[in-house]
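Chemist: Got a structure here, written out as structure tokens. Questions coming.
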Amino acid sequence: MRHLLAVVLSSLVIPIFAAAQTPHRVAIRAGKLIDGKSDKPLENALIVIEGDKIVSVTAGGSAPAGIEVIDLSKSTVLPGFIDTHTHVLLNGDITAEDYDAQLLKQSIPYRAILAARNAHIALSHGFTTLRDVETEGAMYADVDVKTAIAGGEVPGPRMQVATRAMTPTGMYPLLGYSWELKVPTGVQYVDGAEGARKAVREQVMYGADWIKYYSDRRYHFESDGVLHSMVNFTDEEAKAIVDEAHRLGKKVAAHAIGSDGIAAALRAGVDTIEHGDGLTGALMDEMAKKGVYWVPTLTVGVYVAPGRGGNWQKMADLQHENFPKAIKKGVKIALGTDAGGFDWKQLNQAKEFQYYVQYGMTPMQAIQAGTSIPAELLGWSDKVGTIEAGKWADIVAVSGDPLKDITELERVKFVMKGGAVYKKDAN
Ligand SMILES: [Zn+2]
């Protein structure tokens, strides 16, 4: 960690005295460049960066005279990764006890300190952008973490945040405590169409970039072999959430695991389906037609299944079965891991890439699912997700070839965000 800090500090010093004249310029020599968009890598590429942006990408060529060249000629260089489903304020919740303990025994300031640490872990694993989809009882602390990172106070990825998420009263923990106790809830309880509109306005007022709601709960298989669930909101309520969010220029993510929850979320007009274990062929067709993104979060599914028991293993198997079908039907799949649903210190969220390849994507498709596709989902296609002139200089590198071994992405050696170097291990 001390090494990381030294690199950050040295990279921060340069722009200060260079600012008066022209922005700091630096070049990267990439042995192999996977730009996040092209089907094939570019050999021996030269990336020139000015300030926080990329100004040119060329095959071969020599760096402009007098500028610093970062030598990654033995490495594969890629756009910074994007995880569209994280919880920086959570540190693993395999069991209900894990979850309750965090909400009952940790203060929100303490959780925010851990969140800053988690954001730093994500950045050091090559994730330069996150969509954090609710604080699990930590109110609006995700906005504070995002603001501190954006202001350069602590190192971390760029963030879009969803603040509190929503369910109707009584449909999300903490539950099961005596009615005499006032315990925190993991979400904001919201009832009725007017209540939904007010809650959206309130969350947007306090900094929500996204609105997230829980479309369903109680997942169970029925005799038709389909994963069903109980739907949380009435259609009227869910539509009010989506309509009000869209009216205010915000997009909506729906946690939807069972087929009933997915169908209800699609009826309401959400922009992304989170988890989506119970997808059927018809629901996949509808998502492809409407351009709704699927954020499958395979890492967490596999990770929590043994500890949770019940249907969870069967649900993880269903994800495996559905994944190649969704690719074939043209559903847009954006990488999301549910990091925080597993402990940030125990698992590198880049493991998600491995599942995508195992379950039917080519390595190049998997890389694009974690770079340019989520950039689209975030509405940031002009800023992140590819290595092209005009984009922010969010760049990572690995030693080997991820097109041959996708697990290379779990061993990121170099991380640059906005032109500042945050990690630079010897290759
Ligand atoms: Zn989640």
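Here, A, B, ... name the chains of the structure tokens in the order displayed, residue numbers run from 1 inside each chain, and ligands are numbered from 1 in the same displayed order.
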Within 9 Å of segment 244-261 of chain A, counting only C-alpha atoms, which residues show up once you throw out same-chain ones fewer than 3 positions away? Write them as an mmCIF file with C-alpha atoms, in the first residue's frame, please.

Modeler:
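Produced file selection-v8.cif, reproduced below:
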data_model
loop_
_atom_site.group_PDB
_atom_site.id
_atom_site.type_symbol
_atom_site.label_atom_id
_atom_site.label_comp_id
_atom_site.auth_asym_id
_atom_site.auth_seq_id
_atom_site.Cartn_x
_atom_site.Cartn_y
_atom_site.Cartn_z
ATOM 1 C CA VAL A 133 -26.208 0.010 -6.348
ATOM 2 C CA ALA A 162 -27.919 4.621 -6.236
ATOM 3 C CA ALA A 196 -42.688 6.316 -4.722
ATOM 4 C CA ARG A 197 -42.441 9.653 -6.501
ATOM 5 C CA LYS A 198 -41.515 11.431 -3.278
ATOM 6 C CA VAL A 200 -37.292 9.205 -5.933
ATOM 7 C CA ARG A 201 -37.206 12.993 -5.537
ATOM 8 C CA VAL A 204 -32.135 12.459 -6.262
ATOM 9 C CA ALA A 208 -28.570 9.513 -6.418
ATOM 10 C CA ASP A 209 -27.353 8.989 -10.003
ATOM 11 C CA TRP A 210 -29.506 5.867 -10.280
ATOM 12 C CA ILE A 211 -32.669 4.667 -8.620
ATOM 13 C CA LYS A 212 -32.604 1.048 -7.526
ATOM 14 C CA TYR A 213 -35.517 -0.969 -6.306
ATOM 15 C CA TYR A 214 -36.077 -4.573 -5.305
ATOM 16 C CA SER A 215 -38.600 -6.059 -7.699
ATOM 17 C CA ASP A 216 -38.919 -9.388 -5.898
ATOM 18 C CA ARG A 217 -38.099 -11.730 -3.028
ATOM 19 C CA ARG A 218 -38.760 -15.374 -1.969
ATOM 20 C CA TYR A 219 -37.322 -17.183 -4.965
ATOM 21 C CA HIS A 220 -38.607 -20.702 -5.542
ATOM 22 C CA PHE A 221 -38.809 -23.294 -8.296
ATOM 23 C CA VAL A 226 -39.163 -21.967 -13.829
ATOM 24 C CA LEU A 227 -37.697 -19.907 -10.981
ATOM 25 C CA HIS A 228 -40.595 -17.894 -9.576
ATOM 26 C CA SER A 229 -40.721 -15.162 -6.940
ATOM 27 C CA MET A 230 -43.000 -12.848 -5.001
ATOM 28 C CA VAL A 231 -43.252 -9.420 -6.568
ATOM 29 C CA ASN A 232 -42.714 -6.548 -4.115
ATOM 30 C CA LYS A 239 -44.247 2.400 -12.788
ATOM 31 C CA ALA A 240 -44.335 5.519 -10.603
ATOM 32 C CA ILE A 241 -40.730 4.881 -9.495
ATOM 33 C CA ALA A 264 -42.766 -6.983 -13.425
ATOM 34 C CA ALA A 265 -39.583 -4.881 -13.753
ATOM 35 C CA LEU A 266 -39.781 -5.020 -17.551
ATOM 36 C CA GLY A 269 -39.798 0.026 -17.881
ATOM 37 C CA VAL A 270 -36.514 -0.352 -15.954
ATOM 38 C CA ASP A 271 -33.131 0.141 -17.642
ATOM 39 C CA THR A 272 -31.201 -2.755 -16.089
ATOM 40 C CA ILE A 273 -32.071 -6.143 -14.628
ATOM 41 C CA GLU A 274 -29.800 -7.144 -11.749
ATOM 42 C CA HIS A 275 -29.043 -10.876 -11.221
ATOM 43 C CA GLY A 276 -31.865 -12.151 -13.483
ATOM 44 C CA ASP A 277 -31.452 -15.810 -12.523
ATOM 45 C CA GLY A 278 -35.016 -16.716 -13.539
ATOM 46 C CA LEU A 279 -34.817 -15.380 -17.102
ATOM 47 C CA THR A 280 -36.902 -17.365 -19.557
ATOM 48 C CA LEU A 283 -38.088 -12.548 -21.068
ATOM 49 C CA MET A 315 -30.052 -20.727 -9.008
ATOM 50 C CA LEU A 378 -23.778 4.287 -17.577
#

Chemist: At a cut-off of 10 Å, using only C-alpha atoms, what residues contact segment 140-142 of chain A? Leave out same-chain residues fewer than 4 positions from it and give the result as a PDB file with all heavy atoms, in the first residue's frame.

Modeler:
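Listing of result35.pdb after writing:
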ATOM      1  N   HIS A  87     -21.376  -2.907  -3.952  1.00  0.00           N
ATOM      2  CA  HIS A  87     -21.835  -2.299  -2.698  1.00  0.00           C
ATOM      3  C   HIS A  87     -20.583  -1.980  -1.881  1.00  0.00           C
ATOM      4  O   HIS A  87     -20.111  -2.831  -1.123  1.00  0.00           O
ATOM      5  CB  HIS A  87     -22.733  -3.255  -1.911  1.00  0.00           C
ATOM      6  CG  HIS A  87     -23.934  -3.725  -2.681  1.00  0.00           C
ATOM      7  ND1 HIS A  87     -25.071  -2.971  -2.805  1.00  0.00           N
ATOM      8  CD2 HIS A  87     -24.159  -4.853  -3.398  1.00  0.00           C
ATOM      9  CE1 HIS A  87     -25.955  -3.612  -3.551  1.00  0.00           C
ATOM     10  NE2 HIS A  87     -25.422  -4.763  -3.930  1.00  0.00           N
ATOM     11  N   VAL A  88     -20.042  -0.782  -2.053  1.00  0.00           N
ATOM     12  CA  VAL A  88     -18.813  -0.455  -1.312  1.00  0.00           C
ATOM     13  C   VAL A  88     -19.066  -0.386   0.192  1.00  0.00           C
ATOM     14  O   VAL A  88     -18.126  -0.503   0.975  1.00  0.00           O
ATOM     15  CB  VAL A  88     -18.133   0.853  -1.796  1.00  0.00           C
ATOM     16  CG1 VAL A  88     -17.583   0.714  -3.199  1.00  0.00           C
ATOM     17  CG2 VAL A  88     -19.055   2.045  -1.691  1.00  0.00           C
ATOM     18  N   LEU A  89     -20.320  -0.206   0.594  1.00  0.00           N
ATOM     19  CA  LEU A  89     -20.607  -0.093   2.022  1.00  0.00           C
ATOM     20  C   LEU A  89     -20.931  -1.428   2.687  1.00  0.00           C
ATOM     21  O   LEU A  89     -21.342  -1.477   3.842  1.00  0.00           O
ATOM     22  CB  LEU A  89     -21.711   0.926   2.257  1.00  0.00           C
ATOM     23  CG  LEU A  89     -21.120   2.337   2.092  1.00  0.00           C
ATOM     24  CD1 LEU A  89     -21.972   3.241   1.274  1.00  0.00           C
ATOM     25  CD2 LEU A  89     -20.780   2.932   3.453  1.00  0.00           C
ATOM     26  N   ILE A 108     -22.397   4.234  10.679  1.00  0.00           N
ATOM     27  CA  ILE A 108     -22.267   4.618   9.270  1.00  0.00           C
ATOM     28  C   ILE A 108     -20.886   5.254   9.006  1.00  0.00           C
ATOM     29  O   ILE A 108     -20.271   4.936   7.991  1.00  0.00           O
ATOM     30  CB  ILE A 108     -23.448   5.502   8.815  1.00  0.00           C
ATOM     31  CG1 ILE A 108     -24.732   4.647   8.826  1.00  0.00           C
ATOM     32  CG2 ILE A 108     -23.207   6.080   7.416  1.00  0.00           C
ATOM     33  CD1 ILE A 108     -26.010   5.404   8.529  1.00  0.00           C
ATOM     34  N   PRO A 109     -20.360   6.115   9.901  1.00  0.00           N
ATOM     35  CA  PRO A 109     -18.987   6.610   9.649  1.00  0.00           C
ATOM     36  C   PRO A 109     -17.967   5.473   9.532  1.00  0.00           C
ATOM     37  O   PRO A 109     -17.093   5.502   8.659  1.00  0.00           O
ATOM     38  CB  PRO A 109     -18.708   7.500  10.867  1.00  0.00           C
ATOM     39  CG  PRO A 109     -20.053   7.951  11.315  1.00  0.00           C
ATOM     40  CD  PRO A 109     -20.989   6.812  11.027  1.00  0.00           C
ATOM     41  N   ARG A 111     -18.523   2.414   8.585  1.00  0.00           N
ATOM     42  CA  ARG A 111     -18.766   1.719   7.314  1.00  0.00           C
ATOM     43  C   ARG A 111     -18.228   2.543   6.136  1.00  0.00           C
ATOM     44  O   ARG A 111     -17.751   1.987   5.145  1.00  0.00           O
ATOM     45  CB  ARG A 111     -20.272   1.432   7.148  1.00  0.00           C
ATOM     46  CG  ARG A 111     -20.779   0.422   8.181  1.00  0.00           C
ATOM     47  CD  ARG A 111     -22.255   0.145   8.010  1.00  0.00           C
ATOM     48  NE  ARG A 111     -22.534  -0.525   6.744  1.00  0.00           N
ATOM     49  CZ  ARG A 111     -23.755  -0.680   6.236  1.00  0.00           C
ATOM     50  NH1 ARG A 111     -24.805  -0.193   6.879  1.00  0.00           N
ATOM     51  NH2 ARG A 111     -23.932  -1.302   5.108  1.00  0.00           N
ATOM     52  N   ALA A 112     -18.317   3.867   6.251  1.00  0.00           N
ATOM     53  CA  ALA A 112     -17.800   4.720   5.169  1.00  0.00           C
ATOM     54  C   ALA A 112     -16.272   4.622   5.071  1.00  0.00           C
ATOM     55  O   ALA A 112     -15.713   4.667   3.972  1.00  0.00           O
ATOM     56  CB  ALA A 112     -18.238   6.165   5.390  1.00  0.00           C
ATOM     57  N   ILE A 113     -15.621   4.460   6.227  1.00  0.00           N
ATOM     58  CA  ILE A 113     -14.152   4.275   6.206  1.00  0.00           C
ATOM     59  C   ILE A 113     -13.820   2.978   5.467  1.00  0.00           C
ATOM     60  O   ILE A 113     -12.934   2.944   4.610  1.00  0.00           O
ATOM     61  CB  ILE A 113     -13.583   4.267   7.644  1.00  0.00           C
ATOM     62  CG1 ILE A 113     -13.721   5.661   8.269  1.00  0.00           C
ATOM     63  CG2 ILE A 113     -12.110   3.822   7.643  1.00  0.00           C
ATOM     64  CD1 ILE A 113     -13.467   5.702   9.763  1.00  0.00           C
ATOM     65  N   ALA A 115     -15.650   1.581   3.285  1.00  0.00           N
ATOM     66  CA  ALA A 115     -16.031   1.774   1.876  1.00  0.00           C
ATOM     67  C   ALA A 115     -14.899   2.438   1.098  1.00  0.00           C
ATOM     68  O   ALA A 115     -14.630   2.066  -0.053  1.00  0.00           O
ATOM     69  CB  ALA A 115     -17.302   2.618   1.787  1.00  0.00           C
ATOM     70  N   ALA A 116     -14.239   3.402   1.724  1.00  0.00           N
ATOM     71  CA  ALA A 116     -13.099   4.059   1.056  1.00  0.00           C
ATOM     72  C   ALA A 116     -11.995   3.030   0.817  1.00  0.00           C
ATOM     73  O   ALA A 116     -11.374   3.011  -0.246  1.00  0.00           O
ATOM     74  CB  ALA A 116     -12.590   5.215   1.910  1.00  0.00           C
ATOM     75  N   ASP A 132     -22.388   1.820  -8.031  1.00  0.00           N
ATOM     76  CA  ASP A 132     -22.645   1.239  -6.714  1.00  0.00           C
ATOM     77  C   ASP A 132     -24.147   1.279  -6.477  1.00  0.00           C
ATOM     78  O   ASP A 132     -24.757   2.348  -6.453  1.00  0.00           O
ATOM     79  CB  ASP A 132     -21.891   2.025  -5.641  1.00  0.00           C
ATOM     80  CG  ASP A 132     -21.677   1.188  -4.396  1.00  0.00           C
ATOM     81  OD1 ASP A 132     -20.855   0.259  -4.445  1.00  0.00           O
ATOM     82  OD2 ASP A 132     -22.358   1.445  -3.384  1.00  0.00           O
ATOM     83  N   VAL A 133     -24.742   0.088  -6.313  1.00  0.00           N
ATOM     84  CA  VAL A 133     -26.208   0.010  -6.348  1.00  0.00           C
ATOM     85  C   VAL A 133     -26.841  -0.213  -4.982  1.00  0.00           C
ATOM     86  O   VAL A 133     -27.525  -1.184  -4.765  1.00  0.00           O
ATOM     87  CB  VAL A 133     -26.688  -1.057  -7.360  1.00  0.00           C
ATOM     88  CG1 VAL A 133     -26.543  -0.540  -8.771  1.00  0.00           C
ATOM     89  CG2 VAL A 133     -25.940  -2.369  -7.205  1.00  0.00           C
ATOM     90  N   GLU A 134     -26.620   0.710  -4.118  1.00  0.00           N
ATOM     91  CA  GLU A 134     -27.262   0.899  -2.816  1.00  0.00           C
ATOM     92  C   GLU A 134     -26.356   0.600  -1.637  1.00  0.00           C
ATOM     93  O   GLU A 134     -25.464  -0.228  -1.685  1.00  0.00           O
ATOM     94  CB  GLU A 134     -28.599   0.158  -2.685  1.00  0.00           C
ATOM     95  CG  GLU A 134     -28.512  -1.269  -2.198  1.00  0.00           C
ATOM     96  CD  GLU A 134     -29.486  -1.534  -1.061  1.00  0.00           C
ATOM     97  OE1 GLU A 134     -29.725  -0.648  -0.227  1.00  0.00           O
ATOM     98  OE2 GLU A 134     -29.994  -2.662  -0.986  1.00  0.00           O
ATOM     99  N   THR A 135     -26.646   1.362  -0.551  1.00  0.00           N
ATOM    100  CA  THR A 135     -25.738   1.399   0.593  1.00  0.00           C
ATOM    101  C   THR A 135     -26.077   0.395   1.686  1.00  0.00           C
ATOM    102  O   THR A 135     -25.349   0.290   2.662  1.00  0.00           O
ATOM    103  CB  THR A 135     -25.761   2.801   1.231  1.00  0.00           C
ATOM    104  OG1 THR A 135     -27.099   3.106   1.663  1.00  0.00           O
ATOM    105  CG2 THR A 135     -25.289   3.855   0.246  1.00  0.00           C
ATOM    106  N   GLU A 136     -27.182  -0.340   1.549  1.00  0.00           N
ATOM    107  CA  GLU A 136     -27.553  -1.347   2.555  1.00  0.00           C
ATOM    108  C   GLU A 136     -27.598  -0.730   3.956  1.00  0.00           C
ATOM    109  O   GLU A 136     -26.879  -1.146   4.862  1.00  0.00           O
ATOM    110  CB  GLU A 136     -26.583  -2.536   2.535  1.00  0.00           C
ATOM    111  CG  GLU A 136     -26.338  -3.143   1.173  1.00  0.00           C
ATOM    112  CD  GLU A 136     -27.493  -4.017   0.643  1.00  0.00           C
ATOM    113  OE1 GLU A 136     -28.521  -4.150   1.348  1.00  0.00           O
ATOM    114  OE2 GLU A 136     -27.347  -4.543  -0.484  1.00  0.00           O
ATOM    115  N   LYS A 146     -18.125   8.782  -3.141  1.00  0.00           N
ATOM    116  CA  LYS A 146     -17.960   9.247  -4.526  1.00  0.00           C
ATOM    117  C   LYS A 146     -17.350  10.658  -4.569  1.00  0.00           C
ATOM    118  O   LYS A 146     -16.422  10.928  -5.331  1.00  0.00           O
ATOM    119  CB  LYS A 146     -19.338   9.238  -5.208  1.00  0.00           C
ATOM    120  CG  LYS A 146     -19.388   9.921  -6.544  1.00  0.00           C
ATOM    121  CD  LYS A 146     -20.826  10.102  -7.024  1.00  0.00           C
ATOM    122  CE  LYS A 146     -20.906  11.242  -8.016  1.00  0.00           C
ATOM    123  NZ  LYS A 146     -22.206  11.348  -8.668  1.00  0.00           N
ATOM    124  N   THR A 147     -17.865  11.538  -3.721  1.00  0.00           N
ATOM    125  CA  THR A 147     -17.394  12.924  -3.703  1.00  0.00           C
ATOM    126  C   THR A 147     -15.933  13.008  -3.259  1.00  0.00           C
ATOM    127  O   THR A 147     -15.140  13.752  -3.844  1.00  0.00           O
ATOM    128  CB  THR A 147     -18.289  13.768  -2.756  1.00  0.00           C
ATOM    129  OG1 THR A 147     -19.640  13.623  -3.180  1.00  0.00           O
ATOM    130  CG2 THR A 147     -17.912  15.231  -2.779  1.00  0.00           C
ATOM    131  N   ALA A 148     -15.569  12.223  -2.247  1.00  0.00           N
ATOM    132  CA  ALA A 148     -14.184  12.245  -1.751  1.00  0.00           C
ATOM    133  C   ALA A 148     -13.220  11.734  -2.817  1.00  0.00           C
ATOM    134  O   ALA A 148     -12.115  12.262  -2.988  1.00  0.00           O
ATOM    135  CB  ALA A 148     -14.075  11.404  -0.474  1.00  0.00           C
ATOM    136  N   MET A 159     -17.441   6.943  -9.783  1.00  0.00           N
ATOM    137  CA  MET A 159     -18.640   6.236  -9.326  1.00  0.00           C
ATOM    138  C   MET A 159     -19.927   6.884  -9.788  1.00  0.00           C
ATOM    139  O   MET A 159     -20.026   8.099  -9.878  1.00  0.00           O
ATOM    140  CB  MET A 159     -18.651   6.165  -7.791  1.00  0.00           C
ATOM    141  CG  MET A 159     -17.568   5.259  -7.209  1.00  0.00           C
ATOM    142  SD  MET A 159     -17.521   5.325  -5.409  1.00  0.00           S
ATOM    143  CE  MET A 159     -18.983   4.386  -4.983  1.00  0.00           C
ATOM    144  N   GLN A 160     -20.897   6.042 -10.078  1.00  0.00           N
ATOM    145  CA  GLN A 160     -22.294   6.452 -10.127  1.00  0.00           C
ATOM    146  C   GLN A 160     -22.951   5.677  -8.992  1.00  0.00           C
ATOM    147  O   GLN A 160     -22.645   4.499  -8.795  1.00  0.00           O
ATOM    148  CB  GLN A 160     -22.939   6.092 -11.474  1.00  0.00           C
ATOM    149  CG  GLN A 160     -22.374   6.918 -12.628  1.00  0.00           C
ATOM    150  CD  GLN A 160     -23.107   6.709 -13.935  1.00  0.00           C
ATOM    151  OE1 GLN A 160     -24.142   6.046 -13.994  1.00  0.00           O
ATOM    152  NE2 GLN A 160     -22.572   7.290 -15.003  1.00  0.00           N
ATOM    153  N   VAL A 161     -23.835   6.340  -8.250  1.00  0.00           N
ATOM    154  CA  VAL A 161     -24.370   5.718  -7.038  1.00  0.00           C
ATOM    155  C   VAL A 161     -25.900   5.747  -6.996  1.00  0.00           C
ATOM    156  O   VAL A 161     -26.534   6.628  -7.571  1.00  0.00           O
ATOM    157  CB  VAL A 161     -23.805   6.406  -5.768  1.00  0.00           C
ATOM    158  CG1 VAL A 161     -22.287   6.277  -5.712  1.00  0.00           C
ATOM    159  CG2 VAL A 161     -24.209   7.872  -5.693  1.00  0.00           C
ATOM    160  N   ALA A 162     -26.452   4.771  -6.281  1.00  0.00           N
ATOM    161  CA  ALA A 162     -27.919   4.621  -6.236  1.00  0.00           C
ATOM    162  C   ALA A 162     -28.509   4.973  -4.867  1.00  0.00           C
ATOM    163  O   ALA A 162     -29.716   4.834  -4.663  1.00  0.00           O
ATOM    164  CB  ALA A 162     -28.308   3.197  -6.607  1.00  0.00           C
ATOM    165  N   THR A 163     -27.685   5.374  -3.933  1.00  0.00           N
ATOM    166  CA  THR A 163     -28.087   5.667  -2.542  1.00  0.00           C
ATOM    167  C   THR A 163     -28.861   4.510  -1.886  1.00  0.00           C
ATOM    168  O   THR A 163     -28.319   3.421  -1.800  1.00  0.00           O
ATOM    169  CB  THR A 163     -28.802   7.038  -2.401  1.00  0.00           C
ATOM    170  OG1 THR A 163     -30.110   6.992  -2.953  1.00  0.00           O
ATOM    171  CG2 THR A 163     -27.997   8.145  -3.055  1.00  0.00           C
ATOM    172  N   ARG A 164     -30.122   4.664  -1.535  1.00  0.00           N
ATOM    173  CA  ARG A 164     -30.760   3.759  -0.560  1.00  0.00           C
ATOM    174  C   ARG A 164     -31.528   2.565  -1.120  1.00  0.00           C
ATOM    175  O   ARG A 164     -31.880   1.667  -0.369  1.00  0.00           O
ATOM    176  CB  ARG A 164     -31.713   4.571   0.326  1.00  0.00           C
ATOM    177  CG  ARG A 164     -31.021   5.724   1.039  1.00  0.00           C
ATOM    178  CD  ARG A 164     -31.997   6.435   1.955  1.00  0.00           C
ATOM    179  NE  ARG A 164     -32.481   5.538   2.993  1.00  0.00           N
ATOM    180  CZ  ARG A 164     -33.502   5.805   3.792  1.00  0.00           C
ATOM    181  NH1 ARG A 164     -34.157   6.939   3.645  1.00  0.00           N
ATOM    182  NH2 ARG A 164     -33.867   4.944   4.707  1.00  0.00           N
ATOM    183  N   GLN A 203     -34.222  10.914  -2.973  1.00  0.00           N
ATOM    184  CA  GLN A 203     -32.927  10.283  -3.250  1.00  0.00           C
ATOM    185  C   GLN A 203     -32.132  11.096  -4.267  1.00  0.00           C
ATOM    186  O   GLN A 203     -30.919  11.259  -4.133  1.00  0.00           O
ATOM    187  CB  GLN A 203     -33.130   8.830  -3.720  1.00  0.00           C
ATOM    188  CG  GLN A 203     -33.717   7.950  -2.611  1.00  0.00           C
ATOM    189  CD  GLN A 203     -33.675   6.458  -2.921  1.00  0.00           C
ATOM    190  OE1 GLN A 203     -33.218   6.027  -3.971  1.00  0.00           O
ATOM    191  NE2 GLN A 203     -34.164   5.664  -1.993  1.00  0.00           N
ATOM    192  N   TYR A 206     -30.519  14.088  -2.661  1.00  0.00           N
ATOM    193  CA  TYR A 206     -29.310  13.807  -1.880  1.00  0.00           C
ATOM    194  C   TYR A 206     -28.188  13.171  -2.710  1.00  0.00           C
ATOM    195  O   TYR A 206     -27.185  12.737  -2.154  1.00  0.00           O
ATOM    196  CB  TYR A 206     -29.648  12.934  -0.672  1.00  0.00           C
ATOM    197  CG  TYR A 206     -30.444  13.676   0.383  1.00  0.00           C
ATOM    198  CD1 TYR A 206     -31.676  13.210   0.814  1.00  0.00           C
ATOM    199  CD2 TYR A 206     -29.943  14.861   0.940  1.00  0.00           C
ATOM    200  CE1 TYR A 206     -32.406  13.897   1.770  1.00  0.00           C
ATOM    201  CE2 TYR A 206     -30.675  15.558   1.894  1.00  0.00           C
ATOM    202  CZ  TYR A 206     -31.903  15.070   2.310  1.00  0.00           C
ATOM    203  OH  TYR A 206     -32.620  15.750   3.255  1.00  0.00           O
ATOM    204  N   GLY A 207     -28.360  13.099  -4.038  1.00  0.00           N
ATOM    205  CA  GLY A 207     -27.210  12.726  -4.868  1.00  0.00           C
ATOM    206  C   GLY A 207     -27.294  11.416  -5.615  1.00  0.00           C
ATOM    207  O   GLY A 207     -26.285  10.967  -6.168  1.00  0.00           O
ATOM    208  N   ALA A 208     -28.475  10.781  -5.679  1.00  0.00           N
ATOM    209  CA  ALA A 208     -28.570   9.513  -6.418  1.00  0.00           C
ATOM    210  C   ALA A 208     -28.401   9.747  -7.921  1.00  0.00           C
ATOM    211  O   ALA A 208     -29.055  10.611  -8.495  1.00  0.00           O
ATOM    212  CB  ALA A 208     -29.925   8.853  -6.155  1.00  0.00           C
TER     213      ALA A 208
END

Chemist: Go through A:Lys391, A:Ile28, A:Gly170, A:Ile82 and flag the residue nearest Phe353 of chain A, using only C-alpha atoms for the distances.

Modeler: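 Closest to Phe353 of chain A of all the choices is A:Ile82.
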
Chemist: Could you pull out the residues in segment 228-383 of chain A that DSSP calls alpha helix (DSSP H) from the backbone, as a PyMOL selection string?

Modeler: chain A and resi 235-247+259-268+281-290+298-308+312-328+351-358+363-369+372-378

Chemist: How many Å lie between atom CA of Tyr110 of chain A and atom CA of Thr297 of chain A, rounded to one decimal?

Modeler: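 A separation of 26.5 Å between them.
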
Chemist: Between atom CA of Val57 of chain A and atom CA of Met364 of chain A, what is the distance, to one decimal in Å?

Modeler: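 So the answer is 19.3 Å.
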
Chemist: Using only C-alpha atoms and all ligand atoms, pick whichever of A:His24, A:Arg117, A:Arg131, A:Lys328 has the shortest atom-to-atom distance to ligand 1.

Modeler: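 That would be A:Arg131, the residue with the smallest distance to ligand 1.
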